[in-house]
Amino acid sequence: MFLRSIGRCLAVARPFSAVAAGPDAAATSSSGGGDTLGRRLLSLVYAKRSAVVTINKWKEEGRAPPRKYQLNRIVRELRQNKRYKHALEICEWMTLQKDIKLVAGDYAVHLDLITKVRGLNSAEKFFEDLPDRMRGQQTCTALLHAYVQNNLVDKAEALMLKMSECGFLQCPLPYNHMMTLYISNGKLEKVPKIIQELKMNTSPDVVTFNLWLTACASQNDVETAERVLLELKKAKIDPDWVTYSTLTNLYIKNACLEKAGSTLKEMERRASRKTRVAYSSLLSLHTNMGNKDEVNRIWKKMEACFRKMNDNEYLCMISSLVKLGDFAGAENLYKEWESVSGTKDVRVSNILLASYINQGQMEMAETFCNDIVQKGISPCYTTWELLTWGYLKKKDVENFLDYFKKAISSVKKWSPDHRLVQEAFKIIEEQAHIEGAEQLLVILRNAGHVNTNIYNLFLKTYATAGKMPLIVAERMKKDNVQLDEETHRLLDLTSKMCVSDVSTFKDSVISTH
């Protein structure tokens with residue numbers, strides 16, 4: 001329905017006006033001092049609080065009604081901070097104000113926020129309900145972005161076709177969205193055609209070239225990537241730090257270290273306070289090249305440039321030090337992070353935990369994990385998963401099962417890790433550990449992950465132990481699991497063996513099923 005409605009836009013004029021911006025005596029920006037609406041809205045940290053209530057209270061206090069450009073500025077800042085619910089509430093409030101005239105760009109932002117807060121179906125309904133004159137290039141591009149975010153290739157391609165019919169493909173953004181979609185889905189063969197179509201209708205921008213380079217990197221194609229860079233320069237487009245970061249990654253992957261060093265210098269020249277994330281990328285790339293001195297130099301440069309490092313930057317630097325083998329440096333930086341950051345972000349702790357586990361220092365890993373819990377840092381699935389793998393590699397079945405149970409119970413729905421399950425049953429079978437096999441089966445059943453293969457792995461442990469399990473066929477029937485040829489073979493094999501001496505344990509397992 002909504003795709004058909006785009007066709008009506010062919011006969012409708014599509015005037016678009018830019019959103020005004022500029023200072024105002026009653027500006028609601030969060031910058032500067034004093035009490036402003038912007039400060040009040042940006043201080044609504046909790047999603048349950050209402051932006052509409054805040055705006056109405058502001059007006060009830062006799063304050064000047066907020067201007068549209070001021071609200072747009074606040075919405076932009078809220079989006080940058082991923083505060084989508086409050087941004088959406090402001091957009092919805094503006095649609096109800098008779099003195100605020102909205103343009104297509106406003107509705108495009110509104111649609112994007114609906115996608116993020118309420119999902120794709122609501123966004124499609126919003127698009128369908130728009131007036132014809134607002135169902136133009138910007139709102140179509142926002143809907144296209146929603147399809148890309150939801151990885152819907154067919155819908156995105158159908159919308160692109162309609163946009164082409166309506167003459168809405170006059171800027172590179174829709175093409176960039178499609179390139180992103182194709183790259184993320186591994187449909188790299190479609191990228192050249194998209195670029196060709198783009199060049200026929202408009203001019204590529206730096207994002208286009210960066211995505212093109214990403215496609216080249218995915219195909220490990222150095223030669224084409226270098227041609228893309230030349231074309232970018234001929235088009236008189238300034239490469240940004242992402243351009244050189246992508247090239248550096250490609251060069252490192254292909255052991256072109258001299259070229260990588262050159263592109264790293266170009267990348268660093270383009271790193272600034274406005275492109276702060278570039279510094280973390282520089283740390284990672286120098287780490288991949290083994291440049292410990294350069295890693296430390298970049299970190300010192302960051303300390304001089306920024307008043308305080310954020311969690312992601314500490315995570316990146318600690319990870320770099322671990323990869324470079326500077327464990328003492330990593331521990332010292334972690335202690336610094338603990339002293340200055342109040343976020344208690346377990347992702348940073350997990351880097352150090354992983355380093356202990358990878359060195360086989362399980363006692364130290366246990367001590368560290370207990371220590372972070374005492375300090376108020378909440379372990380997540382990854383924390384327990386790291387310890388699970390650590391004990392699995394040590395072939396310590398009891399501790400493995402304990403942490404595996406904690407890992408699964410830490411998430412609402414477990415996404416099966418088939419490699420972990422296969423490795424666990426392999427070690428349990430090697431040890432003929434039938435108690436471990438029973439416990440693992442219970443854990444997997446409670447997680448909703450039992451199937452024919454799981455039961456076959458379970459039966460192999462009994463076969464290796466020379467024992468007969470009790471009522472396996474009945475348990476499989478209760479679990480709605482089908483028996484295959486291998487299951488029948490293993491049941492027949494174990495039926496000739498003596499009954500397991502863990503029957504009491506199994507009875508308790510069955511009673512809890």
# chains A, B, ... in the order shown; residues from 1 in each chain; ligands from 1
call {"tool": "residues_around", "arguments": {"residues": "Glu398 (chain A)", "least_positions_apart": "4", "cutoff": "10 Å", "atoms": "only C-alpha atoms", "output": "list in words"}}
result
Tyr391, Leu392, Asp402, Tyr403, Phe404, Glu435, Gly436 and Gln439 of chain A
call {"tool": "residues_around", "arguments": {"residues": "region 324-335 of chain A", "least_positions_apart": "4", "cutoff": "9 Å", "atoms": "only C-alpha atoms", "output": "MDAnalysis selection string"}}
result
chainID A and resid 287:288 290:292 314:315 317:320 339:340 348:349 352 355
call {"tool": "write_last_selection", "arguments": {"atoms": "C-alpha atoms", "output": "JSON list (two decimals), in the first residue's frame"}}
result
[["chain", "number", "residue", "atom", "x", "y", "z"],
["A", 287, "THR", "CA", 48.29, -2.16, 17.67],
["A", 288, "ASN", "CA", 47.65, -4.38, 14.64],
["A", 290, "GLY", "CA", 52.73, -3.95, 16.55],
["A", 291, "ASN", "CA", 53.68, -0.28, 17.06],
["A", 292, "LYS", "CA", 53.71, -0.11, 20.87],
["A", 314, "TYR", "CA", 39.83, 3.03, 27.96],
["A", 315, "LEU", "CA", 38.49, -0.24, 26.58],
["A", 317, "MET", "CA", 43.66, 1.22, 25.00],
["A", 318, "ILE", "CA", 43.55, -1.58, 27.59],
["A", 319, "SER", "CA", 42.76, -4.03, 24.77],
["A", 320, "SER", "CA", 45.71, -2.66, 22.78],
["A", 339, "SER", "CA", 39.32, 5.53, 39.87],
["A", 340, "VAL", "CA", 37.95, 8.04, 37.34],
["A", 348, "VAL", "CA", 36.20, -2.80, 30.28],
["A", 349, "SER", "CA", 36.57, -5.39, 33.06],
["A", 352, "LEU", "CA", 41.35, -7.81, 31.63],
["A", 355, "SER", "CA", 43.66, -11.67, 29.32]]
call {"tool": "residues_around", "arguments": {"residues": "Met468 (chain A)", "least_positions_apart": "2", "cutoff": "10 Å", "atoms": "only C-alpha atoms", "output": "JSON, numbers by chain"}}
result
{"A": [459, 462, 463, 465, 466, 470, 471, 472, 490, 491, 492, 493, 494, 495, 496, 497, 498, 499, 500, 501]}
call {"tool": "residues_around", "arguments": {"residues": "Thr461 (chain A)", "least_positions_apart": "2", "cutoff": "9 Å", "atoms": "only C-alpha atoms", "output": "JSON, numbers by chain"}}
result
{"A": [425, 426, 428, 429, 430, 431, 432, 433, 434, 437, 456, 457, 458, 459, 463, 464, 465, 466, 467]}
call {"tool": "closest_residue", "arguments": {"among": "A:Leu440, A:Glu303, A:Asp112, A:Met267", "to": "Val397 (chain A)", "atoms": "only C-alpha atoms"}}
result
A:Leu440
call {"tool": "closest_residue", "arguments": {"among": "A:Thr263, A:Ser272, A:Thr139, A:Ser415", "to": "Ala304 (chain A)", "atoms": "only C-alpha atoms"}}
result
A:Ser272
call {"tool": "closest_residue", "arguments": {"among": "A:Lys98, A:Ile454, A:Gly186, A:Arg63", "to": "Asp35 (chain A)", "atoms": "only C-alpha atoms"}}
result
A:Arg63
call {"tool": "select_by_dssp", "arguments": {"residues": "region 16-261 of chain A", "states": "alpha helix (DSSP H)", "output": "MDAnalysis selection string"}}
result
chainID A and resid 37:42 51:60 68:80 84:95 104:118 120:129 137:149 153:165 173:184 191:201 206:218 222:234 241:253 257:261
call {"tool": "residues_around", "arguments": {"residues": "Met134 (chain A)", "least_positions_apart": "3", "cutoff": "8 Å", "atoms": "only C-alpha atoms", "output": "list in words"}}
result
Arg14, Val103, Ala104, Tyr107, Leu130, Pro131 and Thr139 of chain A
call {"tool": "closest_residue", "arguments": {"among": "A:Phe209, A:Tyr84, A:Trp241, A:Trp58", "to": "Val45 (chain A)", "atoms": "only C-alpha atoms"}}
result
A:Tyr84
call {"tool": "atom_distance", "arguments": {"atom1": "CA of Phe127 (chain A)", "atom2": "CA of Gly105 (chain A)"}}
result
12.9 Å
call {"tool": "atom_distance", "arguments": {"atom1": "CA of Gly34 (chain A)", "atom2": "CA of Val52 (chain A)"}}
result
20.9 Å
call {"tool": "closest_residue", "arguments": {"among": "A:Ser284, A:Ser409, A:Asn296, A:Gln97", "to": "Lys323 (chain A)", "atoms": "only C-alpha atoms"}}
result
A:Ser284
call {"tool": "atom_distance", "arguments": {"atom1": "CA of Asp479 (chain A)", "atom2": "CA of Ile427 (chain A)"}}
result
24.3 Å
call {"tool": "residues_around", "arguments": {"residues": "Val228 (chain A)", "least_positions_apart": "3", "cutoff": "10 Å", "atoms": "only C-alpha atoms", "output": "PyMOL selection string"}}
result
chain A and resi 209-210+212-213+216+222-225+231-234
call {"tool": "write_last_selection", "arguments": {"atoms": "N, CA and C atoms", "output": "compact mmCIF listing (two decimals), in the first residue's frame"}}
result
# COMPACT_ATOMS: atom_id res chain seq x y z
N PHE A 209 32.46 6.94 -1.49
CA PHE A 209 33.81 6.39 -1.72
C PHE A 209 34.26 5.53 -0.55
N ASN A 210 33.93 5.93 0.67
CA ASN A 210 34.32 5.12 1.83
C ASN A 210 33.64 3.76 1.82
N TRP A 212 32.60 2.25 -0.89
CA TRP A 212 33.24 1.55 -2.01
C TRP A 212 34.55 0.92 -1.55
N LEU A 213 35.32 1.66 -0.79
CA LEU A 213 36.58 1.13 -0.24
C LEU A 213 36.31 -0.03 0.72
N CYS A 216 35.81 -3.03 -1.29
CA CYS A 216 37.12 -3.51 -1.77
C CYS A 216 37.84 -4.26 -0.66
N VAL A 222 43.26 -4.80 -3.10
CA VAL A 222 44.09 -3.61 -2.91
C VAL A 222 44.12 -2.75 -4.17
N GLU A 223 44.24 -3.40 -5.32
CA GLU A 223 44.38 -2.67 -6.58
C GLU A 223 43.16 -1.79 -6.86
N THR A 224 41.97 -2.35 -6.70
CA THR A 224 40.75 -1.57 -6.93
C THR A 224 40.61 -0.46 -5.90
N ALA A 225 40.97 -0.75 -4.67
CA ALA A 225 40.89 0.25 -3.60
C ALA A 225 41.76 1.47 -3.93
N GLU A 231 40.27 8.08 -7.87
CA GLU A 231 39.03 8.66 -8.41
C GLU A 231 38.46 9.69 -7.43
N LEU A 232 38.53 9.39 -6.15
CA LEU A 232 38.06 10.32 -5.12
C LEU A 232 38.82 11.65 -5.21
N LYS A 233 40.12 11.56 -5.36
CA LYS A 233 40.95 12.78 -5.43
C LYS A 233 40.68 13.55 -6.72
N LYS A 234 40.47 12.83 -7.83
CA LYS A 234 40.17 13.49 -9.10
C LYS A 234 38.83 14.23 -9.04
call {"tool": "residues_around", "arguments": {"residues": "Asn121 (chain A)", "least_positions_apart": "6", "cutoff": "12 Å", "atoms": "only C-alpha atoms", "output": "ChimeraX atom specification"}}
result
/A:2,111,114-115,127-128,143,146-147,150
